[in-house]
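J.: The structure under discussion is supplied below as structure tokens; questions concerning it will follow.
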Amino acid sequence: MSKKKIVLSIVILLLVMVMLFMAITFRKFMIVKDLQNKIAMKAQAPNFYRKAVTTGENSEVVTEGYRKGDKKFVTIKRTMNGEEMKISLYDNGTTINVYTETADKKTIKPNGSSELVFDLSNRLETFNDCHTFICCIKAKISTTTYDGKECYIIKNFEEPNINEENEFYIEKETGLILKSTIMNQTSVMEYKFDNVTDEIFTEPDMSLYELVTE
């Protein structure tokens, strides 16, 4: 084979490889875009419950949150090295009351002015479509059934400002994350919609808690 034919063959092979790479990346991009759109629709839900159980080395954190319109109620129960702590946050849309309970103390910090951020997790959020495409280059996507639901497994999708290894189980139908692993921490999530009533926002008796004003 002549030198010219060898060079041509190499060029053709490289072009085929580039086209194949672009086709695979574009497929991943379309899957991620579809999931982004679905979770964006779900994120508009005014009434929902979300629970996440996160386990790591010698620790477990159970986060439960309720939202109805502007009202939010979130509890965080943390167990670390055998010690437990519970934080309850009540946001009425204007102020936040924070209740903290440990084995030997119960405190309340009332009338906080910061907004309680509680929404549906979107770990596929990016700055724009170009950034999404770049994030898809290294990502690996496969399919599975998890907890009876058809899901995508997405590995190593680079989130903005986060370079840690990750793995997400994302429900195909809704775009909701059902399970995530980031470094050595695994979280399992569950959701319910349109079942939060006003009674859930009833706060404990403040007189049973020590007042914190700082």
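Following the order of the structure tokens, chains are lettered A, B, ..., residues in each are numbered from 1, and ligands are numbered from 1.
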I need the residues in region 20-147 of chain A that are helix (DSSP H, G or I) according to DSSP; give them as JSON, numbers by chain.
T.: {"A": [20, 21, 22, 23, 24, 25, 26, 27, 28, 29, 30, 31, 32, 33, 34, 35, 36, 37, 38, 39, 40, 41, 42, 129, 130, 131, 132, 133, 134, 135, 136, 137, 138]}
J.: Identify, on the basis of only C-alpha atoms, every residue whose closest approach to Thr100 (chain A) does not exceed 6 Å; exclude the query and any residue fewer than 3 positions from it along the same chain; express the result as a PyMOL selection string.
T.: chain A and resi 86-87+106-107
J.: For the residues in the current selection, export all heavy atoms as a PDB file, in the first residue's frame.
T.:
ATOM      1  N   LYS A  86     -31.465  16.826  66.100  1.00  0.00           N
ATOM      2  CA  LYS A  86     -32.599  17.085  65.213  1.00  0.00           C
ATOM      3  C   LYS A  86     -32.801  18.585  65.073  1.00  0.00           C
ATOM      4  O   LYS A  86     -32.835  19.316  66.064  1.00  0.00           O
ATOM      5  CB  LYS A  86     -33.873  16.433  65.758  1.00  0.00           C
ATOM      6  CG  LYS A  86     -35.108  16.708  64.909  1.00  0.00           C
ATOM      7  CD  LYS A  86     -36.361  16.092  65.535  1.00  0.00           C
ATOM      8  CE  LYS A  86     -37.610  16.423  64.722  1.00  0.00           C
ATOM      9  NZ  LYS A  86     -38.838  15.859  65.335  1.00  0.00           N
ATOM     10  N   ILE A  87     -32.932  19.035  63.844  1.00  0.00           N
ATOM     11  CA  ILE A  87     -33.211  20.435  63.565  1.00  0.00           C
ATOM     12  C   ILE A  87     -34.532  20.512  62.789  1.00  0.00           C
ATOM     13  O   ILE A  87     -34.707  19.810  61.790  1.00  0.00           O
ATOM     14  CB  ILE A  87     -32.090  21.093  62.736  1.00  0.00           C
ATOM     15  CG1 ILE A  87     -30.762  21.007  63.495  1.00  0.00           C
ATOM     16  CG2 ILE A  87     -32.423  22.546  62.425  1.00  0.00           C
ATOM     17  CD1 ILE A  87     -29.574  21.509  62.694  1.00  0.00           C
ATOM     18  N   LYS A 106     -32.682  21.611  74.314  1.00  0.00           N
ATOM     19  CA  LYS A 106     -33.664  21.964  73.292  1.00  0.00           C
ATOM     20  C   LYS A 106     -33.702  23.478  73.182  1.00  0.00           C
ATOM     21  O   LYS A 106     -33.935  24.177  74.168  1.00  0.00           O
ATOM     22  CB  LYS A 106     -35.055  21.427  73.665  1.00  0.00           C
ATOM     23  CG  LYS A 106     -35.125  19.918  73.777  1.00  0.00           C
ATOM     24  CD  LYS A 106     -36.451  19.441  74.353  1.00  0.00           C
ATOM     25  CE  LYS A 106     -37.599  19.667  73.391  1.00  0.00           C
ATOM     26  NZ  LYS A 106     -38.867  19.076  73.894  1.00  0.00           N
ATOM     27  N   THR A 107     -33.454  24.003  72.000  1.00  0.00           N
ATOM     28  CA  THR A 107     -33.414  25.448  71.815  1.00  0.00           C
ATOM     29  C   THR A 107     -34.285  25.868  70.643  1.00  0.00           C
ATOM     30  O   THR A 107     -34.592  25.068  69.756  1.00  0.00           O
ATOM     31  CB  THR A 107     -31.978  25.945  71.554  1.00  0.00           C
ATOM     32  OG1 THR A 107     -31.487  25.370  70.329  1.00  0.00           O
ATOM     33  CG2 THR A 107     -31.051  25.560  72.697  1.00  0.00           C
TER      34      THR A 107
END
J.: Just want the 9 Å neighbourhood of region 140-144 of chain A, counted on only C-alpha atoms, with same-chain residues fewer than 3 positions away dropped. Output as a CSV table (one decimal) with all heavy atoms, in the first residue's frame.
T.:
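Saved file part_32.csv follows:
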chain,number,residue,atom,x,y,z
A,28,LYS,N,-26.3,11.3,24.5
A,28,LYS,CA,-26.3,11.5,25.9
A,28,LYS,C,-26.8,12.9,26.2
A,28,LYS,O,-27.6,13.1,27.2
A,28,LYS,CB,-24.8,11.4,26.5
A,28,LYS,CG,-24.3,10.0,26.5
A,28,LYS,CD,-23.0,9.8,27.2
A,28,LYS,CE,-21.9,10.4,26.4
A,28,LYS,NZ,-20.5,10.2,27.1
A,31,ILE,N,-30.6,12.8,26.0
A,31,ILE,CA,-31.2,12.2,27.2
A,31,ILE,C,-31.2,13.2,28.4
A,31,ILE,O,-32.2,13.3,29.1
A,31,ILE,CB,-30.4,10.9,27.6
A,31,ILE,CG1,-30.6,9.8,26.5
A,31,ILE,CG2,-30.8,10.4,29.0
A,31,ILE,CD1,-29.8,8.6,26.7
A,136,CYS,N,-21.6,16.2,29.2
A,136,CYS,CA,-22.0,14.8,28.7
A,136,CYS,C,-20.8,14.1,28.1
A,136,CYS,O,-20.9,12.9,27.9
A,136,CYS,CB,-23.1,14.9,27.7
A,136,CYS,SG,-24.7,15.4,28.3
A,137,ILE,N,-19.7,14.8,27.8
A,137,ILE,CA,-18.6,14.1,27.2
A,137,ILE,C,-18.0,13.0,28.0
A,137,ILE,O,-17.8,11.9,27.6
A,137,ILE,CB,-17.5,15.2,26.9
A,137,ILE,CG1,-18.0,16.1,25.8
A,137,ILE,CG2,-16.2,14.5,26.4
A,137,ILE,CD1,-17.0,17.2,25.5
A,149,LYS,N,-39.0,1.2,39.1
A,149,LYS,CA,-39.2,2.3,38.2
A,149,LYS,C,-38.1,2.2,37.1
A,149,LYS,O,-36.9,1.9,37.4
A,149,LYS,CB,-39.1,3.7,38.9
A,149,LYS,CG,-40.2,3.9,39.9
A,149,LYS,CD,-40.0,5.2,40.6
A,149,LYS,CE,-41.1,5.5,41.7
A,149,LYS,NZ,-41.1,4.5,42.8
A,150,GLU,N,-38.4,2.6,35.9
A,150,GLU,CA,-37.4,2.6,34.8
A,150,GLU,C,-36.5,3.9,35.0
A,150,GLU,O,-37.0,5.0,35.1
A,150,GLU,CB,-38.1,2.7,33.5
A,150,GLU,CG,-38.8,1.4,33.1
A,150,GLU,CD,-37.8,0.2,32.9
A,150,GLU,OE1,-36.8,0.4,32.3
A,150,GLU,OE2,-38.2,-0.9,33.4
A,151,CYS,N,-35.2,3.6,35.0
A,151,CYS,CA,-34.3,4.7,35.4
A,151,CYS,C,-33.1,4.8,34.4
A,151,CYS,O,-32.8,3.8,33.8
A,151,CYS,CB,-33.7,4.6,36.8
A,151,CYS,SG,-35.0,4.6,38.1
A,152,TYR,N,-32.5,5.9,34.4
A,152,TYR,CA,-31.1,6.1,33.8
A,152,TYR,C,-30.1,6.1,35.0
A,152,TYR,O,-30.4,6.7,36.0
A,152,TYR,CB,-31.0,7.4,33.0
A,152,TYR,CG,-31.7,7.4,31.7
A,152,TYR,CD1,-32.9,8.2,31.6
A,152,TYR,CD2,-31.3,6.7,30.6
A,152,TYR,CE1,-33.6,8.3,30.4
A,152,TYR,CE2,-32.0,6.7,29.4
A,152,TYR,CZ,-33.1,7.5,29.3
A,152,TYR,OH,-33.8,7.6,28.1
A,153,ILE,N,-29.0,5.4,34.8
A,153,ILE,CA,-27.9,5.6,35.7
A,153,ILE,C,-26.9,6.5,35.0
A,153,ILE,O,-26.4,6.2,33.9
A,153,ILE,CB,-27.2,4.2,36.0
A,153,ILE,CG1,-28.2,3.2,36.6
A,153,ILE,CG2,-26.0,4.5,36.9
A,153,ILE,CD1,-27.5,1.9,36.8
A,154,ILE,N,-26.7,7.7,35.6
A,154,ILE,CA,-25.7,8.6,35.0
A,154,ILE,C,-24.5,8.8,35.9
A,154,ILE,O,-24.7,9.2,37.1
A,154,ILE,CB,-26.4,10.0,34.8
A,154,ILE,CG1,-27.6,9.8,33.8
A,154,ILE,CG2,-25.5,11.0,34.2
A,154,ILE,CD1,-28.4,11.1,33.6
A,155,LYS,N,-23.4,8.5,35.4
A,155,LYS,CA,-22.1,8.5,36.2
A,155,LYS,C,-21.2,9.7,35.7
A,155,LYS,O,-21.2,9.9,34.5
A,155,LYS,CB,-21.4,7.2,36.1
A,155,LYS,CG,-22.1,6.0,36.7
A,155,LYS,CD,-21.3,4.8,36.6
A,155,LYS,CE,-22.0,3.6,37.2
A,155,LYS,NZ,-21.1,2.3,37.1
A,156,ASN,N,-20.6,10.3,36.6
A,156,ASN,CA,-19.6,11.3,36.3
A,156,ASN,C,-20.1,12.5,35.4
A,156,ASN,O,-19.4,12.9,34.5
A,156,ASN,CB,-18.3,10.7,35.7
A,156,ASN,CG,-17.7,9.7,36.6
A,156,ASN,OD1,-17.7,9.9,37.9
A,156,ASN,ND2,-17.1,8.7,36.1
A,157,PHE,N,-21.3,12.9,35.7
A,157,PHE,CA,-21.8,14.1,35.1
A,157,PHE,C,-21.3,15.3,35.9
A,157,PHE,O,-21.6,15.4,37.1
A,157,PHE,CB,-23.3,14.1,35.1
A,157,PHE,CG,-23.9,15.3,34.3
A,157,PHE,CD1,-24.2,15.2,33.0
A,157,PHE,CD2,-24.3,16.5,35.0
A,157,PHE,CE1,-24.7,16.3,32.3
A,157,PHE,CE2,-24.8,17.5,34.3
A,157,PHE,CZ,-25.1,17.4,33.0
A,169,TYR,N,-29.3,7.7,40.0
A,169,TYR,CA,-30.4,7.0,39.4
A,169,TYR,C,-31.5,7.9,39.2
A,169,TYR,O,-32.1,8.4,40.2
A,169,TYR,CB,-30.8,5.8,40.4
A,169,TYR,CG,-29.8,4.7,40.5
A,169,TYR,CD1,-28.5,4.8,40.9
A,169,TYR,CD2,-30.2,3.4,40.1
A,169,TYR,CE1,-27.6,3.7,40.9
A,169,TYR,CE2,-29.4,2.3,40.1
A,169,TYR,CZ,-28.1,2.5,40.6
A,169,TYR,OH,-27.2,1.4,40.6
J.: Set the distance at 10 Å and use only C-alpha atoms: which residues neighbour Glu173 (chain A) once local chain neighbours fewer than 2 positions away are removed? I'd like the list as a list in words.
T.: Asp34, Leu35, Lys38, Ile39, Lys149, Glu150, Cys151, Ile170, Glu171, Gly175 and Leu176 of chain A
J.: Give the strand (DSSP E) residues of region 73-183 of chain A, as DSSP finds them on the backbone, and put them as JSON, numbers by chain.
T.: {"A": [73, 74, 75, 76, 77, 78, 79, 80, 83, 84, 85, 86, 87, 88, 89, 90, 91, 96, 97, 98, 99, 100, 101, 106, 107, 108, 109, 110, 111, 112, 140, 141, 142, 143, 144, 145, 146, 149, 150, 151, 152, 153, 154, 155, 166, 167, 168, 169, 170, 171, 177, 178, 179, 180, 181, 182]}
J.: Counting only C-alpha atoms, which residue out of A:Thr202, A:Thr94, A:Thr54, A:Gln36 sits closest to Asn128 (chain A)?
T.: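 Distance minimum relative to Asn128 (chain A) lands on A:Gln36.
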J.: Using only C-alpha atoms, which protein or nucleic acid residues come within 12 Å of Gly69 (chain A)? Drop anything in the same chain fewer than 6 positions from it, and give the result as a PyMOL selection string.
T.: chain A and resi 44-48+91-93+118-119+194+196-198+201
J.: Write out the residues from the selection above, keeping N, CA and C atoms, as a PDB file, in the first residue's frame.
T.:
ATOM      1  N   GLN A  44     -42.036  22.993  39.514  1.00  0.00           N
ATOM      2  CA  GLN A  44     -43.079  24.003  39.659  1.00  0.00           C
ATOM      3  C   GLN A  44     -44.207  23.554  40.588  1.00  0.00           C
ATOM      4  N   ALA A  45     -44.138  22.300  41.050  1.00  0.00           N
ATOM      5  CA  ALA A  45     -45.189  21.774  41.923  1.00  0.00           C
ATOM      6  C   ALA A  45     -45.258  22.594  43.212  1.00  0.00           C
ATOM      7  N   PRO A  46     -46.444  23.106  43.583  1.00  0.00           N
ATOM      8  CA  PRO A  46     -46.570  23.934  44.787  1.00  0.00           C
ATOM      9  C   PRO A  46     -46.783  23.114  46.052  1.00  0.00           C
ATOM     10  N   ASN A  47     -47.014  21.812  45.894  1.00  0.00           N
ATOM     11  CA  ASN A  47     -47.359  20.970  47.046  1.00  0.00           C
ATOM     12  C   ASN A  47     -46.645  19.628  46.906  1.00  0.00           C
ATOM     13  N   PHE A  48     -45.648  19.391  47.768  1.00  0.00           N
ATOM     14  CA  PHE A  48     -44.939  18.114  47.686  1.00  0.00           C
ATOM     15  C   PHE A  48     -44.186  17.803  48.978  1.00  0.00           C
ATOM     16  N   ASP A  91     -40.913  27.664  57.991  1.00  0.00           N
ATOM     17  CA  ASP A  91     -40.890  28.884  57.191  1.00  0.00           C
ATOM     18  C   ASP A  91     -42.325  29.206  56.778  1.00  0.00           C
ATOM     19  N   ASN A  92     -42.845  30.317  57.273  1.00  0.00           N
ATOM     20  CA  ASN A  92     -44.227  30.698  56.951  1.00  0.00           C
ATOM     21  C   ASN A  92     -44.313  31.615  55.741  1.00  0.00           C
ATOM     22  N   GLY A  93     -43.190  31.795  55.041  1.00  0.00           N
ATOM     23  CA  GLY A  93     -43.160  32.674  53.890  1.00  0.00           C
ATOM     24  C   GLY A  93     -42.607  34.043  54.209  1.00  0.00           C
ATOM     25  N   PHE A 118     -35.823  25.008  49.842  1.00  0.00           N
ATOM     26  CA  PHE A 118     -36.258  23.616  49.802  1.00  0.00           C
ATOM     27  C   PHE A 118     -36.983  23.384  48.497  1.00  0.00           C
ATOM     28  N   ASP A 119     -36.362  22.625  47.619  1.00  0.00           N
ATOM     29  CA  ASP A 119     -36.968  22.358  46.317  1.00  0.00           C
ATOM     30  C   ASP A 119     -36.636  20.940  45.884  1.00  0.00           C
ATOM     31  N   ASP A 194     -48.955  16.621  46.196  1.00  0.00           N
ATOM     32  CA  ASP A 194     -50.343  17.032  46.457  1.00  0.00           C
ATOM     33  C   ASP A 194     -50.949  16.344  47.675  1.00  0.00           C
ATOM     34  N   VAL A 196     -49.711  17.451  51.049  1.00  0.00           N
ATOM     35  CA  VAL A 196     -49.318  18.239  52.215  1.00  0.00           C
ATOM     36  C   VAL A 196     -50.479  19.121  52.650  1.00  0.00           C
ATOM     37  N   THR A 197     -50.866  18.995  53.915  1.00  0.00           N
ATOM     38  CA  THR A 197     -51.961  19.793  54.470  1.00  0.00           C
ATOM     39  C   THR A 197     -51.407  20.825  55.455  1.00  0.00           C
ATOM     40  N   ASP A 198     -52.226  21.799  55.826  1.00  0.00           N
ATOM     41  CA  ASP A 198     -51.783  22.883  56.711  1.00  0.00           C
ATOM     42  C   ASP A 198     -51.375  22.380  58.092  1.00  0.00           C
ATOM     43  N   PHE A 201     -47.701  22.148  59.376  1.00  0.00           N
ATOM     44  CA  PHE A 201     -46.921  23.348  59.696  1.00  0.00           C
ATOM     45  C   PHE A 201     -47.167  23.854  61.120  1.00  0.00           C
TER      46      PHE A 201
END
J.: Need the shell around region 63-67 of chain A: protein/DNA/RNA residues with any atom at most 8 Å away, counting only C-alpha atoms. Skip same-chain ones fewer than 4 positions apart. Format as a ChimeraX atom specification?
T.: /A:46-53,71-77,118,196,200
J.: Tell me which of A:Met19, A:Val188, A:Leu13, A:Ala40 sits closest to Leu124 (chain A), counting only C-alpha atoms.
T.: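 Closest candidate: A:Ala40.
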